[in-house]
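A.B. asks: Provided herewith: input_32.txt, compact mmCIF, C-alpha atoms and all ligand atoms.
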```txt
# COMPACT_ATOMS: atom_id res chain seq x y z
CA MET A 1 0.77 -3.99 -15.97
CA LEU A 2 1.85 -7.28 -14.47
CA LYS A 3 3.81 -6.70 -11.29
CA MET A 4 3.90 -10.23 -9.95
CA PRO A 5 3.59 -13.38 -12.05
CA ARG A 6 1.57 -16.19 -10.52
CA PRO A 7 3.75 -18.46 -8.40
CA VAL A 8 2.99 -22.17 -8.50
CA PRO A 9 1.93 -22.91 -4.91
CA ASN A 10 4.39 -25.05 -3.01
CA GLU A 11 1.66 -27.51 -2.14
CA LEU A 12 0.92 -28.07 -5.81
CA ILE A 13 4.60 -28.57 -6.67
CA VAL A 14 4.94 -31.32 -4.04
CA MET A 15 1.63 -32.93 -4.96
CA ARG A 16 2.65 -33.05 -8.61
CA LEU A 17 5.81 -34.94 -7.72
CA LEU A 18 3.99 -37.33 -5.40
CA ASN A 19 1.35 -37.96 -8.03
CA LEU A 20 4.00 -38.71 -10.67
CA ARG A 21 5.56 -41.24 -8.33
CA GLU A 22 2.18 -42.82 -7.68
CA VAL A 23 2.17 -42.70 -3.92
CA LEU A 24 -1.13 -40.85 -3.43
CA SER A 25 -4.24 -42.56 -2.05
CA GLN A 26 -7.53 -42.20 -3.93
CA GLN A 27 -8.63 -39.31 -1.71
CA GLU A 28 -5.25 -37.55 -2.00
CA LYS A 29 -5.39 -37.99 -5.74
CA LYS A 30 -8.78 -36.31 -5.73
CA ASN A 31 -7.42 -33.43 -3.66
CA TYR A 32 -4.51 -33.12 -6.05
CA LYS A 33 -6.82 -33.00 -9.08
CA ASN A 34 -8.84 -30.24 -7.37
CA LEU A 35 -5.70 -28.22 -6.68
CA GLU A 36 -4.63 -28.60 -10.29
CA LYS A 37 -8.05 -27.58 -11.52
CA GLY A 38 -8.17 -24.54 -9.27
CA PHE A 39 -4.76 -23.42 -10.49
CA GLU A 40 -5.82 -23.94 -14.08
CA GLY A 41 -8.77 -21.59 -13.47
CA GLU A 42 -6.42 -18.94 -12.05
CA LEU A 43 -4.16 -19.18 -15.10
CA LYS A 44 -7.20 -18.80 -17.33
CA PHE A 45 -8.12 -15.61 -15.48
CA ASP A 46 -4.53 -14.35 -15.89
CA LEU A 47 -5.03 -14.43 -19.65
CA LEU A 48 -7.87 -11.94 -19.18
CA THR A 49 -6.08 -9.56 -16.79
CA GLU A 50 -3.10 -9.51 -19.16
CA LYS A 51 -5.31 -7.68 -21.63
CA LEU A 52 -6.14 -4.75 -19.33
CA GLN A 53 -5.08 -1.55 -21.09
CA ASN A 54 -5.50 1.05 -18.36
CA GLU A 55 -2.92 1.87 -15.72
CA CYS A 56 -2.95 -0.80 -13.03
CA PHE A 57 -0.70 -3.21 -11.21
CA VAL A 58 -1.71 -6.86 -11.26
CA LEU A 59 -0.37 -9.02 -8.44
CA ASN A 60 -1.07 -12.72 -8.75
CA GLY A 61 -1.24 -15.27 -5.96
CA LEU A 62 -0.32 -13.03 -3.02
CA LEU A 63 -0.03 -14.91 0.26
CA LEU A 64 -0.10 -12.46 3.16
CA GLU A 65 -0.38 -12.37 6.89
CA VAL A 66 -1.81 -9.84 9.27
CA ASN A 67 -2.44 -10.14 13.01
CA ASN A 68 -1.32 -13.80 12.88
CA SER A 69 -3.89 -14.69 10.24
CA GLU A 70 -2.77 -15.87 6.85
CA PHE A 71 -4.77 -15.15 3.72
CA GLN A 72 -4.33 -15.61 0.01
CA ILE A 73 -5.65 -13.47 -2.83
CA ASP A 74 -5.79 -15.06 -6.26
CA THR A 75 -5.59 -11.74 -8.09
CA SER A 76 -5.15 -8.21 -6.75
CA ILE A 77 -5.50 -5.31 -9.14
CA ILE A 78 -4.32 -1.92 -7.96
CA PHE A 79 -5.89 1.10 -9.67
CA GLN A 80 -5.41 4.73 -8.72
CA LYS A 81 -8.13 4.78 -6.07
CA THR A 82 -9.45 1.23 -5.87
CA ILE A 83 -8.02 -2.19 -5.27
CA TYR A 84 -9.89 -5.16 -6.62
CA LEU A 85 -9.44 -8.42 -4.77
CA ILE A 86 -10.52 -11.34 -6.88
CA ASP A 87 -10.94 -14.96 -5.97
CA VAL A 88 -11.22 -17.28 -8.96
CA LYS A 89 -13.11 -20.56 -8.79
CA ASN A 90 -13.08 -23.20 -11.49
CA PHE A 91 -16.17 -25.07 -10.20
CA GLU A 92 -18.35 -26.90 -12.68
CA GLY A 93 -21.72 -28.60 -12.36
CA ASP A 94 -24.83 -27.55 -10.48
CA TYR A 95 -24.94 -25.67 -7.20
CA TYR A 96 -27.61 -23.75 -5.33
CA TYR A 97 -27.98 -21.43 -2.37
CA GLU A 98 -30.54 -21.93 0.36
CA ASN A 99 -30.70 -19.97 3.61
CA GLU A 100 -27.33 -18.42 2.81
CA LYS A 101 -25.66 -21.80 2.47
CA LEU A 102 -24.17 -23.28 -0.67
CA TYR A 103 -25.16 -26.79 -1.75
CA PHE A 104 -24.27 -29.27 -4.47
CA ALA A 105 -27.18 -30.38 -6.67
CA ASN A 106 -27.54 -33.56 -4.59
CA GLY A 107 -28.19 -31.56 -1.43
CA ASP A 108 -24.76 -31.97 0.19
CA GLU A 109 -23.43 -28.75 1.64
CA ALA A 110 -20.46 -27.28 -0.24
CA LYS A 111 -17.69 -25.09 1.12
CA ASP A 112 -18.79 -21.58 0.24
CA PRO A 113 -15.97 -19.57 -1.35
CA LEU A 114 -17.79 -16.35 -0.43
CA LEU A 115 -16.96 -16.91 3.24
CA GLN A 116 -13.30 -17.18 2.33
CA LEU A 117 -13.56 -14.04 0.19
CA ARG A 118 -15.15 -12.02 3.01
CA ARG A 119 -12.46 -13.13 5.45
CA CYS A 120 -9.82 -12.22 2.92
CA GLU A 121 -11.31 -8.77 2.32
CA SER A 122 -11.51 -8.06 6.02
CA LEU A 123 -7.89 -9.11 6.62
CA PHE A 124 -6.73 -7.07 3.65
CA ARG A 125 -8.42 -3.96 5.07
CA GLN A 126 -6.67 -4.61 8.38
CA LEU A 127 -3.38 -4.81 6.53
CA LEU A 128 -4.05 -1.51 4.74
CA GLN A 129 -4.79 0.11 8.06
CA LYS A 130 -1.60 -1.26 9.52
CA LEU A 131 0.41 0.06 6.59
CA GLY A 132 -1.40 3.40 6.78
CA VAL A 133 -2.58 3.18 3.19
CA HIS A 134 -6.01 4.34 2.01
CA PHE A 135 -7.75 2.63 -0.86
CA HIS A 136 -11.26 1.74 -1.74
CA VAL A 137 -11.43 -2.08 -1.71
CA GLU A 138 -13.79 -4.19 -3.80
CA ALA A 139 -13.81 -7.97 -3.59
CA TYR A 140 -15.31 -10.31 -6.16
CA LEU A 141 -15.73 -14.00 -6.62
CA VAL A 142 -15.22 -15.00 -10.24
CA TYR A 143 -16.63 -18.30 -11.45
CA ILE A 144 -14.63 -18.93 -14.57
CA ASN A 145 -15.87 -22.31 -15.76
CA PRO A 146 -18.66 -22.04 -18.39
CA GLU A 147 -19.97 -25.41 -17.19
CA LEU A 148 -21.09 -23.94 -13.87
CA THR A 149 -24.72 -23.32 -12.96
CA LEU A 150 -25.40 -21.62 -9.64
CA LEU A 151 -29.03 -21.15 -8.66
CA GLN A 152 -30.73 -18.94 -6.10
CA ALA A 153 -27.76 -16.79 -5.20
CA PRO A 154 -28.97 -13.39 -3.95
CA ARG A 155 -28.32 -10.64 -6.49
CA SER A 156 -26.38 -8.67 -3.92
CA TYR A 157 -23.62 -11.29 -3.71
CA PRO A 158 -20.35 -10.08 -5.26
CA ILE A 159 -20.28 -12.91 -7.78
CA VAL A 160 -19.18 -12.73 -11.41
CA TYR A 161 -20.67 -15.58 -13.43
CA PRO A 162 -19.01 -17.02 -16.53
CA THR A 163 -21.58 -15.27 -18.72
CA GLN A 164 -20.73 -11.91 -17.10
CA LEU A 165 -16.99 -12.29 -17.24
CA ASN A 166 -16.41 -10.38 -20.50
CA ARG A 167 -18.44 -7.43 -19.27
CA PHE A 168 -16.68 -7.54 -15.90
CA MET A 169 -13.32 -7.33 -17.65
CA GLN A 170 -14.60 -4.44 -19.79
CA LYS A 171 -15.68 -2.67 -16.62
CA LEU A 172 -12.21 -3.12 -15.12
CA ASN A 173 -10.68 -1.86 -18.31
CA MET A 174 -12.75 1.34 -18.03
CA VAL A 175 -11.67 2.20 -14.48
CA PRO A 176 -10.10 5.65 -14.76
CA SER A 177 -6.62 5.38 -13.31
CA ARG A 178 -3.28 7.14 -13.12
CA LEU A 179 -0.57 5.45 -11.14
CA TYR A 180 2.09 7.36 -9.25
CA GLU A 181 5.22 6.49 -7.34
CA THR A 182 3.21 5.89 -4.18
CA HIS A 183 1.26 3.14 -5.98
CA GLU A 184 4.47 1.53 -7.12
CA LYS A 185 5.86 1.70 -3.63
CA PHE A 186 2.74 0.13 -2.20
CA ALA A 187 2.71 -2.67 -4.82
CA ASN A 188 6.34 -3.46 -4.03
CA GLN A 189 5.53 -3.43 -0.34
CA LEU A 190 2.83 -6.06 -0.89
CA ILE A 191 5.23 -8.17 -2.95
CA SER A 192 7.84 -7.96 -0.20
CA LEU A 193 5.23 -9.18 2.30
CA HIS A 194 4.36 -12.18 0.13
CA LYS A 195 5.08 -15.48 1.87
CA THR A 196 6.46 -18.28 -0.28
CA GLU A 197 5.24 -20.98 2.06
CA SER A 198 1.87 -21.30 3.68
CA LEU A 199 1.42 -22.36 7.30
CA ASN A 200 -1.80 -24.06 6.33
CA THR A 201 -0.48 -26.41 3.68
CA LYS A 202 -1.80 -29.89 4.28
CA LEU A 203 0.48 -32.33 2.54
CA PRO A 204 -0.03 -36.07 2.65
CA ARG A 205 2.41 -37.96 4.86
CA TYR A 206 5.18 -39.62 2.90
CA ASN A 207 8.59 -40.95 3.74
CA TYR A 208 11.85 -41.49 1.96
CA ASP A 209 11.64 -45.27 1.64
CA GLN A 210 8.18 -45.17 0.17
CA ILE A 211 9.06 -42.92 -2.80
CA PRO A 212 10.17 -44.73 -5.96
CA LYS A 213 13.51 -43.32 -6.99
CA ARG A 214 13.73 -43.05 -10.72
CA ILE A 215 13.86 -40.58 -13.57
CA ILE A 216 10.50 -39.89 -15.18
CA CYS A 217 10.09 -38.65 -18.75
CA SER A 218 9.54 -34.89 -18.60
CA SER A 219 7.22 -35.08 -21.57
CA CYS A 220 4.89 -38.06 -21.03
CA CYS A 221 5.70 -39.11 -17.43
CA SER A 222 6.70 -42.64 -18.45
CA CYS A 223 9.40 -44.40 -16.44
CA SER A 224 10.47 -46.48 -19.39
CA LEU A 225 13.69 -44.72 -20.36
CA SER A 226 17.06 -45.64 -21.76
CA VAL A 227 20.40 -43.93 -22.06
CA ARG A 228 21.79 -43.18 -25.50
CA ARG A 229 25.15 -41.40 -25.46
CA ASN A 230 24.64 -38.20 -23.47
CA LYS A 231 20.86 -38.30 -23.74
CA ILE A 232 18.02 -40.00 -21.93
CA VAL A 233 15.46 -41.30 -24.39
CA CYS A 234 11.86 -42.17 -23.57
CA LYS A 235 10.86 -45.54 -24.96
CA LYS A 236 7.24 -44.49 -25.03
CA CYS A 237 7.20 -41.02 -26.60
CA ASN A 238 10.74 -40.80 -27.92
CA HIS A 239 11.39 -37.57 -26.04
CA GLN A 240 15.09 -36.88 -25.56
CA GLU A 241 16.66 -35.01 -22.69
CA GLU A 242 20.30 -34.20 -22.01
CA ILE A 243 21.54 -36.35 -19.13
CA GLU A 244 22.76 -33.21 -17.37
CA LEU A 245 19.31 -31.63 -17.44
CA ALA A 246 17.67 -34.84 -16.20
CA VAL A 247 20.13 -35.03 -13.30
CA LEU A 248 19.46 -31.39 -12.37
CA ARG A 249 15.75 -32.10 -12.51
CA ILE A 250 16.17 -35.02 -10.10
CA VAL A 251 18.22 -32.86 -7.73
CA GLU A 252 15.41 -30.30 -7.76
CA GLU A 253 12.89 -33.05 -6.94
CA ILE A 254 14.96 -34.40 -4.04
CA LYS A 255 15.26 -30.88 -2.64
CA ILE A 256 11.51 -30.31 -2.86
CA LEU A 257 10.44 -33.67 -1.48
CA PHE A 258 13.17 -34.04 1.14
CA PRO A 259 14.54 -30.59 1.95
CA ASN A 260 16.63 -31.97 4.81
CA ARG A 261 18.56 -34.53 2.77
CA LYS A 262 22.05 -33.69 1.63
CA ILE A 263 22.69 -33.76 -2.09
CA THR A 264 25.57 -36.19 -2.51
CA THR A 265 26.81 -38.07 -5.55
CA ASN A 266 25.62 -41.34 -4.02
CA GLU A 267 22.21 -39.94 -3.25
CA VAL A 268 21.64 -38.65 -6.77
CA TYR A 269 23.09 -41.83 -8.28
CA HIS A 270 20.55 -43.78 -6.26
CA TRP A 271 17.73 -41.73 -7.84
CA CYS A 272 19.08 -41.96 -11.40
CA LYS A 273 19.33 -45.70 -11.68
CA ILE A 274 19.57 -45.85 -15.47
CA ILE A 275 22.70 -43.68 -15.50
CA GLU A 276 25.44 -46.22 -14.89
CA SER A 277 28.35 -43.85 -14.43
CA LYS A 278 28.57 -42.46 -10.92
CA LYS A 279 31.52 -40.38 -12.10
CA MET A 280 29.34 -38.63 -14.63
CA ILE A 281 26.83 -37.69 -11.93
CA GLY A 282 29.66 -36.42 -9.74
CA ARG A 283 30.90 -34.27 -12.62
CA ILE A 284 27.46 -32.79 -13.23
CA LEU A 285 27.00 -31.94 -9.55
CA LYS A 286 30.45 -30.40 -9.34
CA LYS A 287 29.75 -28.25 -12.38
CA ASN A 288 26.38 -26.95 -11.21
CA PHE A 289 26.61 -26.71 -7.44
CA LYS A 290 28.97 -25.65 -4.73
CA GLN A 291 30.83 -28.55 -3.16
CA VAL A 292 30.96 -28.54 0.62
CA GLY A 293 33.58 -30.70 2.31
CA TYR A 294 35.86 -33.24 0.65
CA GLY A 295 35.94 -36.92 -0.19
CA LYS A 296 33.41 -39.32 1.19
CA TRP A 297 31.49 -36.73 3.22
CA SER A 298 31.20 -34.02 0.62
CA TYR A 299 27.83 -32.77 -0.49
CA TYR A 300 26.49 -30.10 -2.82
CA GLU A 301 24.52 -26.92 -2.22
ZN ZN B 1 8.00 -39.89 -22.70
```
Hey, can you dump this file as structure tokens for me?

C.D. replies:
Amino acid sequence: MLKMPRPVPNELIVMRLLNLREVLSQQEKKNYKNLEKGFEGELKFDLLTEKLQNECFVLNGLLLEVNNSEFQIDTSIIFQKTIYLIDVKNFEGDYYYENEKLYFANGDEAKDPLLQLRRCESLFRQLLQKLGVHFHVEAYLVYINPELTLLQAPRSYPIVYPTQLNRFMQKLNMVPSRLYETHEKFANQLISLHKTESLNTKLPRYNYDQIPKRIICSSCCSCSLSVRRNKIVCKKCNHQEEIELAVLRIVEEIKILFPNRKITTNEVYHWCKIIESKKMIGRILKKNFKQVGYGKWSYYE
């Protein structure tokens, strides 16, 4: 039973917007692609946990903190007696272990996700202790990409390889489990402890002047748009969007990229260059947000 749908991490939301507006350096672009790929792997795993038939609560993307340490669990599955903590990796290509270290095929050392998993498991146990809850905890690292080859990993490592994934899911599906009110209470407690923003997010530096202000096609990401009656039409893919929806989308983007800026008619007008009527933008803002103040200094919340 899904208790918590996977939130899109804040970092990824911002990076998507920055990428669309083409302000990322080569390295930042690479980081962004990795984030996107990692998230894609998690969504792929969600499709598998959705099929679990036995009684369990699935919490996706929990971001927690205990004793001043933050940790994130890709997927937590609560059964009657056991909680599974699962970290999903979408790595592809060749890797190997040597002397307990993980390497790329070319011999460069790679960041070992097992270290992160162990830290996570330890912090989760501390949290359970703090909450006075007793569960058996099992942590696994799931490699979900069939294009991965990992050599020389000790058999004792809690790794699920792509070729073992189906059997792993069958094993989870066979866990005998009855959930009671206490489980529900505990699951809700974890959800209430979930943090929406991480302290460890490393966003690229960007400033207001540097960001191109324009509407981007929501379908193909082209900036080549025109206005036809009350619609914005993409010249490249022909996608049509109601002007109102496009304006609301831009407002959302301004809020995400520049949370401290006030949403005013002038501000939004500045971002929606192809919409010639400032009045129309004012009307849309008035209809969808609460106006604070009057006249020249009014803004919307
Ligand atoms: Zn388009």

A.B. asks: Within 7 Å of ligand ZN 1 (chain B), counting only C-alpha atoms and all ligand atoms, which protein or nucleic acid residues do you find, written as a PyMOL selection string?

C.D. replies: chain A and resi 217-222+234-239

A.B. asks: Just to confirm, what's the straight-line distance from CA of Met1 in chain A to CA of Gly38 in chain A in Å (one decimal)?

C.D. replies: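 Separation between CA of Met1 in chain A and CA of Gly38 in chain A: 23.4 Å.
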
A.B. asks: Do you know which residues are at most 12 Å from range 33-35 of chain A counting only C-alpha atoms, after dropping those on the same chain fewer than 6 positions away, and could you put them as a PyMOL selection string?

C.D. replies: chain A and resi 8-16+19+24+26-27+41-42+89-92+201-203

A.B. asks: Rounded to one decimal in Å, what is the spacing between CA of Ala139 in chain A and CA of Glu121 in chain A?

C.D. replies: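 Separation between CA of Ala139 in chain A and CA of Glu121 in chain A: 6.5 Å.
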
A.B. asks: Quote the spacing between CA of Asn54 in chain A and CA of Leu128 in chain A in Å to one decimal place.

C.D. replies: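 Value for the CA of Asn54 in chain A-CA of Leu128 in chain A distance: 23.3 Å.
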
A.B. asks: Per residue of range 155-249 of chain A within 10 Å of range 282-286 of chain A, note the shortest atom pair and the distance in Å to one decimal, counting all atoms listed in the file, and order the rows by chain and increasing residue number, as CSV.

C.D. replies:
```
residue,atom,partner,partner_atom,distance
A:Ile243,CA,A:Ile284,CA,9.1
A:Glu244,CA,A:Ile284,CA,6.3
A:Leu245,CA,A:Ile284,CA,9.2
A:Val247,CA,A:Ile284,CA,7.7
A:Leu248,CA,A:Leu285,CA,8.1
```

A.B. asks: Using all atoms listed in the file, find each residue of range 160-247 of chain A with at least one atom at most 9 Å away from an atom of range 48-52 of chain A; report its shortest atom-to-atom pair and that distance in Å (one decimal), sort the rows by chain and rising residue number, and return the result as a tab-separated table.

C.D. replies:
```
residue	atom	partner	partner_atom	distance
A:Asn166	CA	A:Leu48	CA	8.8
A:Met169	CA	A:Leu48	CA	7.3
A:Gln170	CA	A:Leu52	CA	8.5
A:Leu172	CA	A:Leu52	CA	7.6
A:Asn173	CA	A:Leu52	CA	5.5
```

A.B. asks: Could you produce a table of the residues of range 115-222 of chain A lying within 10 Å of range 249-254 of chain A, with the nearest pair of atoms per residue and their separation in Å rounded to one decimal, using only C-alpha atoms, ordered by chain and increasing residue number, as a Markdown table?

C.D. replies:
```
| residue | atom | partner | partner_atom | distance |
| --- | --- | --- | --- | --- |
| A:Tyr208 | CA | A:Ile254 | CA | 9.8 |
| A:Lys213 | CA | A:Ile250 | CA | 9.3 |
| A:Arg214 | CA | A:Ile250 | CA | 8.4 |
| A:Ile215 | CA | A:Ile250 | CA | 6.9 |
| A:Ile216 | CA | A:Ile250 | CA | 9.0 |
| A:Ser218 | CA | A:Arg249 | CA | 9.1 |
```

A.B. asks: Which of these residues is nearest to Gly107 in chain A, using only C-alpha atoms: A:Glu197, A:Asp94, A:Glu276, A:Glu181?

C.D. replies: A:Asp94

A.B. asks: Find the residues near Tyr157 in chain A: any atom within 10 Å, counting all atoms listed in the file, skip ones fewer than 5 places away on the same chain, and give them as a list in words.

C.D. replies: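 Residues near the query, excluding close chain neighbours: Leu114, Tyr140 and Leu141 of chain A.
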
A.B. asks: Tell me which of A:Tyr180, A:Tyr206, A:Tyr96, A:Phe45 sits closest to Glu22 in chain A, counting all atoms listed in the file.

C.D. replies: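 With all atoms listed in the file as the atom set, the closest residue is A:Tyr206.
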
A.B. asks: Nearest to Glu100 in chain A: which of A:Cys272, A:Val142, A:Val66, A:Ala153 is it, counting all atoms listed in the file?

C.D. replies: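 Closest candidate: A:Ala153.
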
A.B. asks: Between A:Lys30, A:Arg167, A:His183, A:Lys37, which is the closest to Glu55 in chain A once you count all atoms listed in the file?

C.D. replies: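 Answer, going by the shortest atom-to-atom distance: A:His183.
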
A.B. asks: Using all atoms listed in the file, can you tell me which of A:Ser25, A:Ser277, A:Ser156, A:Asn188 comes closest to Val58 in chain A?

C.D. replies: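 Smallest separation from Val58 in chain A among the options: A:Asn188.
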
A.B. asks: Which polymer residues have any atom within 7 Å of an atom of range 78-85 of chain A, counting all atoms listed in the file, with same-chain residues fewer than 5 positions away left out, as a list in words?

C.D. replies: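 Skipping anything fewer than 5 positions along the chain leaves Glu55, Cys56, Phe57, Val58, Ile73, Phe135, His136, Val137, Glu138, Ala139, Tyr140, Ser177, Arg178 and Leu179 of chain A.
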